[in-house]
$ cat model.cif   # mmCIF, C-alpha atoms
data_work
#
loop_
_atom_site.group_PDB
_atom_site.id
_atom_site.type_symbol
_atom_site.label_atom_id
_atom_site.label_comp_id
_atom_site.auth_asym_id
_atom_site.auth_seq_id
_atom_site.Cartn_x
_atom_site.Cartn_y
_atom_site.Cartn_z
ATOM 1 C CA MET A 178 -28.957 132.466 -36.870
ATOM 2 C CA ASN A 179 -30.229 133.504 -40.269
ATOM 3 C CA VAL A 180 -31.680 136.901 -41.244
ATOM 4 C CA GLU A 181 -33.416 137.359 -44.569
ATOM 5 C CA LYS A 182 -35.145 140.363 -46.150
ATOM 6 C CA GLN A 183 -37.947 140.009 -48.669
ATOM 7 C CA VAL A 184 -39.064 143.003 -50.732
ATOM 8 C CA ILE A 185 -42.825 142.885 -51.307
ATOM 9 C CA ASP A 186 -43.201 146.121 -53.275
ATOM 10 C CA SER A 187 -41.722 149.623 -53.362
ATOM 11 C CA VAL A 188 -43.052 150.511 -49.904
ATOM 12 C CA ASN A 189 -43.347 147.138 -48.147
ATOM 13 C CA ALA A 190 -40.835 144.525 -47.051
ATOM 14 C CA SER A 191 -40.445 141.803 -44.454
ATOM 15 C CA ILE A 192 -37.550 140.506 -42.378
ATOM 16 C CA LYS A 193 -37.367 136.856 -41.350
ATOM 17 C CA ILE A 194 -35.183 135.835 -38.387
ATOM 18 C CA ASN A 195 -34.473 132.158 -37.727
ATOM 19 C CA LEU A 196 -33.001 131.078 -34.393
ATOM 20 C CA VAL A 197 -31.616 127.693 -33.389
ATOM 21 C CA LYS A 198 -30.838 126.506 -29.871
ATOM 22 C CA ALA A 199 -27.158 127.441 -30.122
ATOM 23 C CA ASP A 200 -28.131 131.092 -30.658
ATOM 24 C CA TYR A 201 -29.774 131.519 -27.263
ATOM 25 C CA GLN A 202 -28.819 128.606 -24.983
ATOM 26 C CA GLU A 203 -25.739 130.239 -23.424
ATOM 27 C CA LYS A 204 -27.639 133.417 -22.521
ATOM 28 C CA VAL A 205 -30.518 131.412 -21.030
ATOM 29 C CA GLU A 206 -28.174 129.351 -18.833
ATOM 30 C CA LYS A 207 -26.332 132.468 -17.652
ATOM 31 C CA THR A 208 -29.599 134.165 -16.648
ATOM 32 C CA LEU A 209 -30.855 131.051 -14.843
ATOM 33 C CA LYS A 210 -27.610 130.903 -12.843
ATOM 34 C CA THR A 211 -28.190 134.518 -11.815
ATOM 35 C CA TYR A 212 -31.733 133.632 -10.741
ATOM 36 C CA ARG A 213 -30.342 130.750 -8.704
ATOM 37 C CA GLN A 214 -28.023 133.069 -6.790
ATOM 38 C CA LYS A 215 -30.874 135.438 -5.929
ATOM 39 C CA ALA A 216 -33.825 133.050 -5.569
ATOM 40 C CA ASN A 217 -35.541 133.023 -2.192
ATOM 41 C CA VAL A 218 -37.086 129.570 -1.926
ATOM 42 C CA PRO A 219 -38.243 128.218 1.456
ATOM 43 C CA GLY A 220 -36.105 125.288 2.572
ATOM 44 C CA PHE A 221 -32.992 126.336 0.672
ATOM 45 C CA ARG A 222 -30.180 128.728 1.439
ATOM 46 C CA PRO A 223 -29.531 131.523 -1.079
ATOM 47 C CA GLY A 224 -27.535 130.169 -4.000
ATOM 48 C CA MET A 225 -28.216 126.531 -3.050
ATOM 49 C CA VAL A 226 -31.555 126.023 -4.795
ATOM 50 C CA PRO A 227 -31.302 123.019 -7.172
ATOM 51 C CA MET A 228 -30.866 124.107 -10.778
ATOM 52 C CA GLY A 229 -33.651 121.759 -11.815
ATOM 53 C CA LEU A 230 -36.091 123.602 -9.571
ATOM 54 C CA ILE A 231 -34.915 126.990 -10.877
ATOM 55 C CA ARG A 232 -35.383 125.725 -14.423
ATOM 56 C CA LYS A 233 -38.882 124.514 -13.567
ATOM 57 C CA MET A 234 -39.844 127.813 -11.933
ATOM 58 C CA TYR A 235 -38.283 130.272 -14.368
ATOM 59 C CA GLY A 236 -37.057 128.321 -17.406
ATOM 60 C CA LYS A 237 -39.770 129.133 -19.933
ATOM 61 C CA ALA A 238 -40.060 132.773 -18.875
ATOM 62 C CA VAL A 239 -36.287 133.252 -19.139
ATOM 63 C CA LEU A 240 -36.231 131.480 -22.508
ATOM 64 C CA ALA A 241 -38.933 133.772 -23.883
ATOM 65 C CA GLU A 242 -37.232 136.877 -22.494
ATOM 66 C CA GLU A 243 -33.780 136.050 -23.875
ATOM 67 C CA ILE A 244 -35.138 135.096 -27.300
ATOM 68 C CA ASN A 245 -37.098 138.352 -27.478
ATOM 69 C CA LYS A 246 -33.937 140.298 -26.602
ATOM 70 C CA ILE A 247 -31.918 138.548 -29.302
ATOM 71 C CA VAL A 248 -34.624 138.987 -31.932
ATOM 72 C CA SER A 249 -35.127 142.671 -31.117
ATOM 73 C CA GLU A 250 -31.391 143.414 -31.174
ATOM 74 C CA THR A 251 -30.896 141.455 -34.405
ATOM 75 C CA LEU A 252 -33.834 143.165 -36.104
ATOM 76 C CA TYR A 253 -32.786 146.732 -35.328
ATOM 77 C CA ASN A 254 -29.110 146.057 -36.054
ATOM 78 C CA TYR A 255 -30.079 144.694 -39.469
ATOM 79 C CA ILE A 256 -32.189 147.774 -40.207
ATOM 80 C CA LYS A 257 -29.355 150.082 -39.137
ATOM 81 C CA GLU A 258 -26.545 148.220 -40.912
ATOM 82 C CA ASN A 259 -28.518 147.996 -44.155
ATOM 83 C CA GLU A 260 -29.668 151.632 -43.886
ATOM 84 C CA LEU A 261 -33.330 150.790 -44.325
ATOM 85 C CA ASN A 262 -35.439 153.942 -44.214
ATOM 86 C CA ILE A 263 -38.642 152.741 -42.566
ATOM 87 C CA LEU A 264 -41.853 154.410 -41.452
ATOM 88 C CA GLY A 265 -42.973 153.677 -37.907
ATOM 89 C CA GLU A 266 -41.865 150.486 -36.178
ATOM 90 C CA PRO A 267 -41.496 146.908 -37.466
ATOM 91 C CA LEU A 268 -44.647 144.882 -36.774
ATOM 92 C CA PRO A 269 -44.947 141.114 -36.246
ATOM 93 C CA ASN A 270 -46.483 139.468 -39.290
ATOM 94 C CA GLU A 271 -50.181 138.798 -38.714
ATOM 95 C CA GLN A 272 -49.938 135.251 -40.076
ATOM 96 C CA GLN A 273 -47.124 134.236 -37.739
ATOM 97 C CA ALA A 274 -48.176 131.414 -35.420
ATOM 98 C CA PRO A 275 -47.779 131.841 -31.630
ATOM 99 C CA MET A 276 -44.441 130.611 -30.307
ATOM 100 C CA ASP A 277 -44.554 127.424 -28.231
ATOM 101 C CA PHE A 278 -41.637 127.786 -25.817
ATOM 102 C CA ASN A 279 -42.552 124.480 -24.156
ATOM 103 C CA THR A 280 -41.728 122.249 -27.117
ATOM 104 C CA LEU A 281 -39.835 124.168 -29.815
ATOM 105 C CA GLU A 282 -36.067 124.629 -30.005
ATOM 106 C CA ASP A 283 -35.918 126.412 -33.366
ATOM 107 C CA PHE A 284 -37.891 129.616 -33.870
ATOM 108 C CA GLU A 285 -38.866 131.747 -36.860
ATOM 109 C CA PHE A 286 -39.927 135.375 -36.530
ATOM 110 C CA VAL A 287 -41.286 137.491 -39.382
ATOM 111 C CA PHE A 288 -41.652 141.282 -39.188
ATOM 112 C CA ASP A 289 -43.380 143.584 -41.662
ATOM 113 C CA LEU A 290 -41.723 146.883 -42.562
ATOM 114 C CA ALA A 291 -43.182 149.993 -44.155
ATOM 115 C CA LEU A 292 -40.490 151.495 -46.364
ATOM 116 C CA ALA A 293 -40.303 155.237 -46.866
ATOM 117 C CA PRO A 294 -41.032 155.999 -50.543
ATOM 118 C CA GLU A 295 -38.465 157.709 -52.718
ATOM 119 C CA LEU A 296 -39.521 161.342 -53.134
ATOM 120 C CA ASP A 297 -38.449 163.442 -56.082
ATOM 121 C CA PHE A 298 -39.590 167.056 -55.895
ATOM 122 C CA THR A 299 -38.279 170.579 -56.197
ATOM 123 C CA ILE A 300 -39.142 173.557 -54.004
ATOM 124 C CA THR A 301 -39.074 176.967 -55.656
ATOM 125 C CA LYS A 302 -39.457 180.491 -54.322
ATOM 126 C CA LYS A 303 -43.088 180.384 -55.402
ATOM 127 C CA ASP A 304 -43.858 177.607 -52.932
ATOM 128 C CA SER A 305 -44.936 178.533 -49.423
ATOM 129 C CA ILE A 306 -44.978 176.478 -46.244
ATOM 130 C CA PRO A 307 -47.363 177.357 -43.397
ATOM 131 C CA TYR A 308 -45.737 178.283 -40.097
ATOM 132 C CA TYR A 309 -47.621 177.496 -36.913
ATOM 133 C CA LYS A 310 -47.030 179.237 -33.634
ATOM 134 C CA ILE A 311 -48.040 176.908 -30.818
ATOM 135 C CA GLU A 312 -49.300 178.576 -27.671
ATOM 136 C CA VAL A 313 -48.223 176.637 -24.586
ATOM 137 C CA ASN A 314 -50.339 177.221 -21.491
ATOM 138 C CA ASP A 315 -49.557 176.480 -17.847
ATOM 139 C CA ASP A 316 -51.667 173.309 -17.838
ATOM 140 C CA MET A 317 -49.679 171.814 -20.728
ATOM 141 C CA LEU A 318 -46.408 172.700 -19.010
ATOM 142 C CA GLU A 319 -47.511 171.149 -15.724
ATOM 143 C CA LYS A 320 -48.543 167.892 -17.420
ATOM 144 C CA GLN A 321 -45.221 167.665 -19.248
ATOM 145 C CA ILE A 322 -43.237 168.369 -16.077
ATOM 146 C CA LYS A 323 -45.126 165.638 -14.208
ATOM 147 C CA SER A 324 -44.546 163.210 -17.085
ATOM 148 C CA LEU A 325 -40.796 163.901 -17.176
ATOM 149 C CA ALA A 326 -40.525 163.687 -13.391
ATOM 150 C CA SER A 327 -42.321 160.347 -13.413
ATOM 151 C CA ARG A 328 -40.064 158.845 -16.083
ATOM 152 C CA GLY A 329 -36.860 160.130 -14.515
ATOM 153 C CA GLY A 330 -37.761 159.549 -10.889
ATOM 154 C CA ASN A 331 -36.042 157.398 -8.271
ATOM 155 C CA TYR A 332 -37.485 154.736 -5.991
ATOM 156 C CA GLU A 333 -38.159 155.951 -2.449
ATOM 157 C CA LYS A 334 -39.387 154.160 0.638
ATOM 158 C CA VAL A 335 -42.840 155.429 1.600
ATOM 159 C CA GLU A 336 -45.386 154.494 4.233
ATOM 160 C CA GLU A 337 -48.159 153.846 1.718
ATOM 161 C CA ALA A 338 -48.324 153.534 -2.065
ATOM 162 C CA GLN A 339 -50.469 156.133 -3.781
ATOM 163 C CA GLU A 340 -52.486 155.884 -6.991
ATOM 164 C CA GLY A 341 -50.172 155.953 -10.011
ATOM 165 C CA ASP A 342 -47.096 154.769 -8.086
ATOM 166 C CA THR A 343 -44.745 152.070 -9.341
ATOM 167 C CA ILE A 344 -44.231 149.469 -6.620
ATOM 168 C CA LYS A 345 -40.961 147.571 -6.158
ATOM 169 C CA GLY A 346 -40.417 144.815 -3.640
ATOM 170 C CA VAL A 347 -40.515 141.105 -2.860
ATOM 171 C CA LEU A 348 -43.379 139.247 -4.542
ATOM 172 C CA ASN A 349 -44.335 135.904 -2.992
ATOM 173 C CA GLU A 350 -46.947 133.480 -4.304
ATOM 174 C CA ILE A 351 -49.530 132.597 -1.648
ATOM 175 C CA PRO A 352 -50.306 128.864 -1.429
ATOM 176 C CA ASP A 353 -53.810 127.678 -2.180
ATOM 177 C CA GLU A 354 -55.796 126.103 0.606
ATOM 178 C CA GLY A 355 -54.421 122.623 1.229
ATOM 179 C CA GLN A 356 -51.250 123.221 -0.786
ATOM 180 C CA ASN A 357 -48.283 121.952 1.215
ATOM 181 C CA ASN A 358 -45.443 121.834 -1.315
ATOM 182 C CA SER A 359 -43.761 125.208 -0.830
ATOM 183 C CA GLU A 360 -41.085 124.384 -3.437
ATOM 184 C CA ASP A 361 -43.614 125.012 -6.206
ATOM 185 C CA LEU A 362 -44.346 128.562 -5.030
ATOM 186 C CA VAL A 363 -42.790 131.458 -6.926
ATOM 187 C CA SER A 364 -40.833 134.177 -5.142
ATOM 188 C CA VAL A 365 -39.364 137.210 -6.919
ATOM 189 C CA GLU A 366 -37.067 139.434 -4.864
ATOM 190 C CA GLU A 367 -36.989 142.546 -7.057
ATOM 191 C CA ALA A 368 -40.458 142.536 -8.558
ATOM 192 C CA ILE A 369 -41.750 145.725 -10.192
ATOM 193 C CA ILE A 370 -45.517 146.243 -10.328
ATOM 194 C CA LEU A 371 -47.404 148.988 -12.170
ATOM 195 C CA PRO A 372 -50.973 148.924 -10.795
ATOM 196 C CA SER A 373 -52.030 151.677 -13.207
ATOM 197 C CA TYR A 374 -51.879 149.068 -15.996
ATOM 198 C CA PHE A 375 -54.241 146.638 -14.223
ATOM 199 C CA LYS A 376 -57.493 146.138 -16.126
ATOM 200 C CA SER A 377 -59.470 145.385 -12.967
ATOM 201 C CA GLU A 378 -60.259 148.461 -10.889
ATOM 202 C CA ASP A 379 -60.743 146.222 -7.833
ATOM 203 C CA GLU A 380 -57.241 144.750 -8.178
ATOM 204 C CA LYS A 381 -55.818 148.216 -8.820
ATOM 205 C CA ALA A 382 -57.445 149.523 -5.633
ATOM 206 C CA LYS A 383 -55.832 146.726 -3.602
ATOM 207 C CA MET A 384 -52.376 148.124 -4.410
ATOM 208 C CA THR A 385 -53.196 151.613 -3.112
ATOM 209 C CA GLY A 386 -52.154 152.052 0.490
ATOM 210 C CA VAL A 387 -49.962 148.952 0.711
#

$ encode --input "model.cif" --output "structure tokens"
Amino acid sequence: MNVEKQVIDSVNASIKINLVKADYQEKVEKTLKTYRQKANVPGFRPGMVPMGLIRKMYGKAVLAEEINKIVSETLYNYIKENELNILGEPLPNEQQAPMDFNTLEDFEFVFDLALAPELDFTITKKDSIPYYKIEVNDDMLEKQIKSLASRGGNYEKVEEAQEGDTIKGVLNEIPDEGQNNSEDLVSVEEAIILPSYFKSEDEKAKMTGV
């Protein structure tokens, strides 16, 4: 793995991260083995699904996930270790080509950083800073309480899912008409679905009351 910083000007920089197969292969194989132990595939006992089938079903998704984890961890560790004072979050470079996880083994990621400018000023007794007193009403409190409760909540078994719920369960792919090869169907045991993020209102409505 290689990490390189390029200073563009006093307030802009970029970080380039290069990965080779050796950087991620071990993590990918470990995750696929975990999938194999948990996979629920018709015709096979748990833990006995052929690794080739697991690789076919989940390989590219696992590869993308593990690479993203490595890149994210590497990026933020570099920023922390080098004490880079940045504004906002690192953003993928707009000119970076989409990653082809089907054919590539080596990957290059480029992130743009906004650097906080060096400020040199002096505050005297003549300077004044406005002080704002924020009035918090009951409606604002109620919204914040609901938001905190939602983020810190636990999963509970219910009779029917309501609008805004997060749904967790077994997700099985339904075969198309005339499709007989069940080995190609995807099954995820601990799937998490957030219908509130669905773009289609019709699809969102289907998840209410399940």

$ resolve_selection --input "model.cif" --expression "the PyMOL selection byres ((chain A and resi 252) around 10)" --output "ChimeraX atom specification"
/A:180,192-194,246-251,253-257,267,286-288

$ closest_residue --input "model.cif" --among "A:Tyr308, A:Tyr212, A:Phe284, A:Tyr374" --to "A:Ile231" --atoms "all atoms listed in the file"
A:Tyr212

$ atom_distance --input "model.cif" --atom1 "atom CA of A:Asn349" --atom2 "atom CA of A:Lys204"
25.8 Å

$ atom_distance --input "model.cif" --atom1 "atom CA of A:Val335" --atom2 "atom CA of A:Glu350"
23.1 Å

$ atom_distance --input "model.cif" --atom1 "atom CA of A:Ala368" --atom2 "atom CA of A:Asp342"
13.9 Å

$ closest_residue --input "model.cif" --among "A:Tyr201, A:Thr343, A:Asp379, A:Asn217" --to "A:Val239" --atoms "only C-alpha atoms"
A:Tyr201

$ resolve_selection --input "model.cif" --expression "the PyMOL selection byres ((chain A and resi 339) around 10)" --output "number ranges by chain"
A: 335-338, 340-344, 382, 384-387

$ write_last_selection --input "model.cif" --atoms "C-alpha atoms" --output "JSON list (two decimals), in the frame of the given file"
[["chain", "number", "residue", "atom", "x", "y", "z"],
["A", 335, "VAL", "CA", -42.84, 155.43, 1.60],
["A", 336, "GLU", "CA", -45.39, 154.49, 4.23],
["A", 337, "GLU", "CA", -48.16, 153.85, 1.72],
["A", 338, "ALA", "CA", -48.32, 153.53, -2.06],
["A", 340, "GLU", "CA", -52.49, 155.88, -6.99],
["A", 341, "GLY", "CA", -50.17, 155.95, -10.01],
["A", 342, "ASP", "CA", -47.10, 154.77, -8.09],
["A", 343, "THR", "CA", -44.74, 152.07, -9.34],
["A", 344, "ILE", "CA", -44.23, 149.47, -6.62],
["A", 382, "ALA", "CA", -57.44, 149.52, -5.63],
["A", 384, "MET", "CA", -52.38, 148.12, -4.41],
["A", 385, "THR", "CA", -53.20, 151.61, -3.11],
["A", 386, "GLY", "CA", -52.15, 152.05, 0.49],
["A", 387, "VAL", "CA", -49.96, 148.95, 0.71]]

$ build_atoms --input "model.cif" --residues "stretch 350-386 of chain A" --atoms "N, CA and C atoms" --output "PDB file, keeping the file's coordinate frame"
ATOM      1  N   GLU A 350     -45.699 134.160  -3.976  1.00  0.00           N
ATOM      2  CA  GLU A 350     -46.947 133.480  -4.304  1.00  0.00           C
ATOM      3  C   GLU A 350     -47.553 132.889  -3.037  1.00  0.00           C
ATOM      4  N   ILE A 351     -48.835 133.118  -2.826  1.00  0.00           N
ATOM      5  CA  ILE A 351     -49.530 132.597  -1.648  1.00  0.00           C
ATOM      6  C   ILE A 351     -50.085 131.219  -1.976  1.00  0.00           C
ATOM      7  N   PRO A 352     -49.818 130.217  -1.129  1.00  0.00           N
ATOM      8  CA  PRO A 352     -50.306 128.864  -1.429  1.00  0.00           C
ATOM      9  C   PRO A 352     -51.823 128.773  -1.362  1.00  0.00           C
ATOM     10  N   ASP A 353     -52.379 127.947  -2.233  1.00  0.00           N
ATOM     11  CA  ASP A 353     -53.810 127.678  -2.180  1.00  0.00           C
ATOM     12  C   ASP A 353     -54.131 126.855  -0.940  1.00  0.00           C
ATOM     13  N   GLU A 354     -55.374 126.862  -0.566  1.00  0.00           N
ATOM     14  CA  GLU A 354     -55.796 126.103   0.606  1.00  0.00           C
ATOM     15  C   GLU A 354     -55.498 124.619   0.395  1.00  0.00           C
ATOM     16  N   GLY A 355     -54.768 124.038   1.325  1.00  0.00           N
ATOM     17  CA  GLY A 355     -54.421 122.623   1.229  1.00  0.00           C
ATOM     18  C   GLY A 355     -53.134 122.355   0.481  1.00  0.00           C
ATOM     19  N   GLN A 356     -52.504 123.401  -0.056  1.00  0.00           N
ATOM     20  CA  GLN A 356     -51.250 123.221  -0.786  1.00  0.00           C
ATOM     21  C   GLN A 356     -50.094 123.207   0.200  1.00  0.00           C
ATOM     22  N   ASN A 357     -49.345 122.120   0.228  1.00  0.00           N
ATOM     23  CA  ASN A 357     -48.283 121.952   1.215  1.00  0.00           C
ATOM     24  C   ASN A 357     -46.882 122.044   0.618  1.00  0.00           C
ATOM     25  N   ASN A 358     -46.760 121.846  -0.685  1.00  0.00           N
ATOM     26  CA  ASN A 358     -45.443 121.834  -1.315  1.00  0.00           C
ATOM     27  C   ASN A 358     -44.984 123.262  -1.606  1.00  0.00           C
ATOM     28  N   SER A 359     -44.195 123.820  -0.687  1.00  0.00           N
ATOM     29  CA  SER A 359     -43.761 125.208  -0.830  1.00  0.00           C
ATOM     30  C   SER A 359     -42.732 125.384  -1.941  1.00  0.00           C
ATOM     31  N   GLU A 360     -42.107 124.279  -2.401  1.00  0.00           N
ATOM     32  CA  GLU A 360     -41.085 124.384  -3.437  1.00  0.00           C
ATOM     33  C   GLU A 360     -41.670 124.848  -4.766  1.00  0.00           C
ATOM     34  N   ASP A 361     -42.976 124.634  -4.948  1.00  0.00           N
ATOM     35  CA  ASP A 361     -43.614 125.012  -6.206  1.00  0.00           C
ATOM     36  C   ASP A 361     -44.042 126.473  -6.235  1.00  0.00           C
ATOM     37  N   LEU A 362     -43.911 127.168  -5.098  1.00  0.00           N
ATOM     38  CA  LEU A 362     -44.346 128.562  -5.030  1.00  0.00           C
ATOM     39  C   LEU A 362     -43.269 129.489  -5.597  1.00  0.00           C
ATOM     40  N   VAL A 363     -43.708 130.513  -6.288  1.00  0.00           N
ATOM     41  CA  VAL A 363     -42.790 131.458  -6.926  1.00  0.00           C
ATOM     42  C   VAL A 363     -42.502 132.622  -5.989  1.00  0.00           C
ATOM     43  N   SER A 364     -41.231 133.017  -5.933  1.00  0.00           N
ATOM     44  CA  SER A 364     -40.833 134.177  -5.142  1.00  0.00           C
ATOM     45  C   SER A 364     -39.875 135.020  -5.973  1.00  0.00           C
ATOM     46  N   VAL A 365     -40.205 136.294  -6.145  1.00  0.00           N
ATOM     47  CA  VAL A 365     -39.364 137.210  -6.919  1.00  0.00           C
ATOM     48  C   VAL A 365     -38.911 138.331  -5.995  1.00  0.00           C
ATOM     49  N   GLU A 366     -37.591 138.475  -5.835  1.00  0.00           N
ATOM     50  CA  GLU A 366     -37.067 139.434  -4.864  1.00  0.00           C
ATOM     51  C   GLU A 366     -37.196 140.888  -5.320  1.00  0.00           C
ATOM     52  N   GLU A 367     -36.974 141.160  -6.576  1.00  0.00           N
ATOM     53  CA  GLU A 367     -36.989 142.546  -7.057  1.00  0.00           C
ATOM     54  C   GLU A 367     -38.104 142.734  -8.079  1.00  0.00           C
ATOM     55  N   ALA A 368     -39.302 142.410  -7.662  1.00  0.00           N
ATOM     56  CA  ALA A 368     -40.458 142.536  -8.558  1.00  0.00           C
ATOM     57  C   ALA A 368     -40.846 144.006  -8.716  1.00  0.00           C
ATOM     58  N   ILE A 369     -41.272 144.368  -9.912  1.00  0.00           N
ATOM     59  CA  ILE A 369     -41.750 145.725 -10.192  1.00  0.00           C
ATOM     60  C   ILE A 369     -43.186 145.632 -10.690  1.00  0.00           C
ATOM     61  N   ILE A 370     -44.090 146.319 -10.021  1.00  0.00           N
ATOM     62  CA  ILE A 370     -45.517 146.243 -10.328  1.00  0.00           C
ATOM     63  C   ILE A 370     -46.029 147.640 -10.675  1.00  0.00           C
ATOM     64  N   LEU A 371     -46.784 147.728 -11.761  1.00  0.00           N
ATOM     65  CA  LEU A 371     -47.404 148.988 -12.170  1.00  0.00           C
ATOM     66  C   LEU A 371     -48.918 148.826 -12.101  1.00  0.00           C
ATOM     67  N   PRO A 372     -49.522 149.109 -10.950  1.00  0.00           N
ATOM     68  CA  PRO A 372     -50.973 148.924 -10.795  1.00  0.00           C
ATOM     69  C   PRO A 372     -51.798 149.729 -11.788  1.00  0.00           C
ATOM     70  N   SER A 373     -51.260 150.842 -12.279  1.00  0.00           N
ATOM     71  CA  SER A 373     -52.030 151.677 -13.207  1.00  0.00           C
ATOM     72  C   SER A 373     -52.347 150.950 -14.507  1.00  0.00           C
ATOM     73  N   TYR A 374     -51.633 149.847 -14.780  1.00  0.00           N
ATOM     74  CA  TYR A 374     -51.879 149.068 -15.996  1.00  0.00           C
ATOM     75  C   TYR A 374     -52.845 147.907 -15.754  1.00  0.00           C
ATOM     76  N   PHE A 375     -53.288 147.711 -14.510  1.00  0.00           N
ATOM     77  CA  PHE A 375     -54.241 146.638 -14.223  1.00  0.00           C
ATOM     78  C   PHE A 375     -55.569 146.943 -14.909  1.00  0.00           C
ATOM     79  N   LYS A 376     -56.185 145.946 -15.504  1.00  0.00           N
ATOM     80  CA  LYS A 376     -57.493 146.138 -16.126  1.00  0.00           C
ATOM     81  C   LYS A 376     -58.593 146.217 -15.072  1.00  0.00           C
ATOM     82  N   SER A 377     -58.450 145.434 -14.013  1.00  0.00           N
ATOM     83  CA  SER A 377     -59.470 145.385 -12.967  1.00  0.00           C
ATOM     84  C   SER A 377     -59.287 146.545 -11.995  1.00  0.00           C
ATOM     85  N   GLU A 378     -60.323 147.351 -11.839  1.00  0.00           N
ATOM     86  CA  GLU A 378     -60.259 148.461 -10.889  1.00  0.00           C
ATOM     87  C   GLU A 378     -60.170 147.950  -9.456  1.00  0.00           C
ATOM     88  N   ASP A 379     -60.796 146.801  -9.177  1.00  0.00           N
ATOM     89  CA  ASP A 379     -60.743 146.222  -7.833  1.00  0.00           C
ATOM     90  C   ASP A 379     -59.315 145.816  -7.479  1.00  0.00           C
ATOM     91  N   GLU A 380     -58.620 145.158  -8.431  1.00  0.00           N
ATOM     92  CA  GLU A 380     -57.241 144.750  -8.178  1.00  0.00           C
ATOM     93  C   GLU A 380     -56.329 145.971  -8.069  1.00  0.00           C
ATOM     94  N   LYS A 381     -56.610 146.995  -8.869  1.00  0.00           N
ATOM     95  CA  LYS A 381     -55.818 148.216  -8.820  1.00  0.00           C
ATOM     96  C   LYS A 381     -55.960 148.892  -7.450  1.00  0.00           C
ATOM     97  N   ALA A 382     -57.187 148.885  -6.928  1.00  0.00           N
ATOM     98  CA  ALA A 382     -57.445 149.523  -5.633  1.00  0.00           C
ATOM     99  C   ALA A 382     -56.716 148.811  -4.500  1.00  0.00           C
ATOM    100  N   LYS A 383     -56.515 147.494  -4.649  1.00  0.00           N
ATOM    101  CA  LYS A 383     -55.832 146.726  -3.602  1.00  0.00           C
ATOM    102  C   LYS A 383     -54.379 147.164  -3.426  1.00  0.00           C
ATOM    103  N   MET A 384     -53.779 147.736  -4.474  1.00  0.00           N
ATOM    104  CA  MET A 384     -52.376 148.124  -4.410  1.00  0.00           C
ATOM    105  C   MET A 384     -52.187 149.544  -3.885  1.00  0.00           C
ATOM    106  N   THR A 385     -53.276 150.266  -3.675  1.00  0.00           N
ATOM    107  CA  THR A 385     -53.196 151.613  -3.112  1.00  0.00           C
ATOM    108  C   THR A 385     -53.227 151.520  -1.592  1.00  0.00           C
ATOM    109  N   GLY A 386     -52.205 152.084  -0.965  1.00  0.00           N
ATOM    110  CA  GLY A 386     -52.154 152.052   0.490  1.00  0.00           C
ATOM    111  C   GLY A 386     -51.360 150.902   1.057  1.00  0.00           C
TER     112      GLY A 386
END
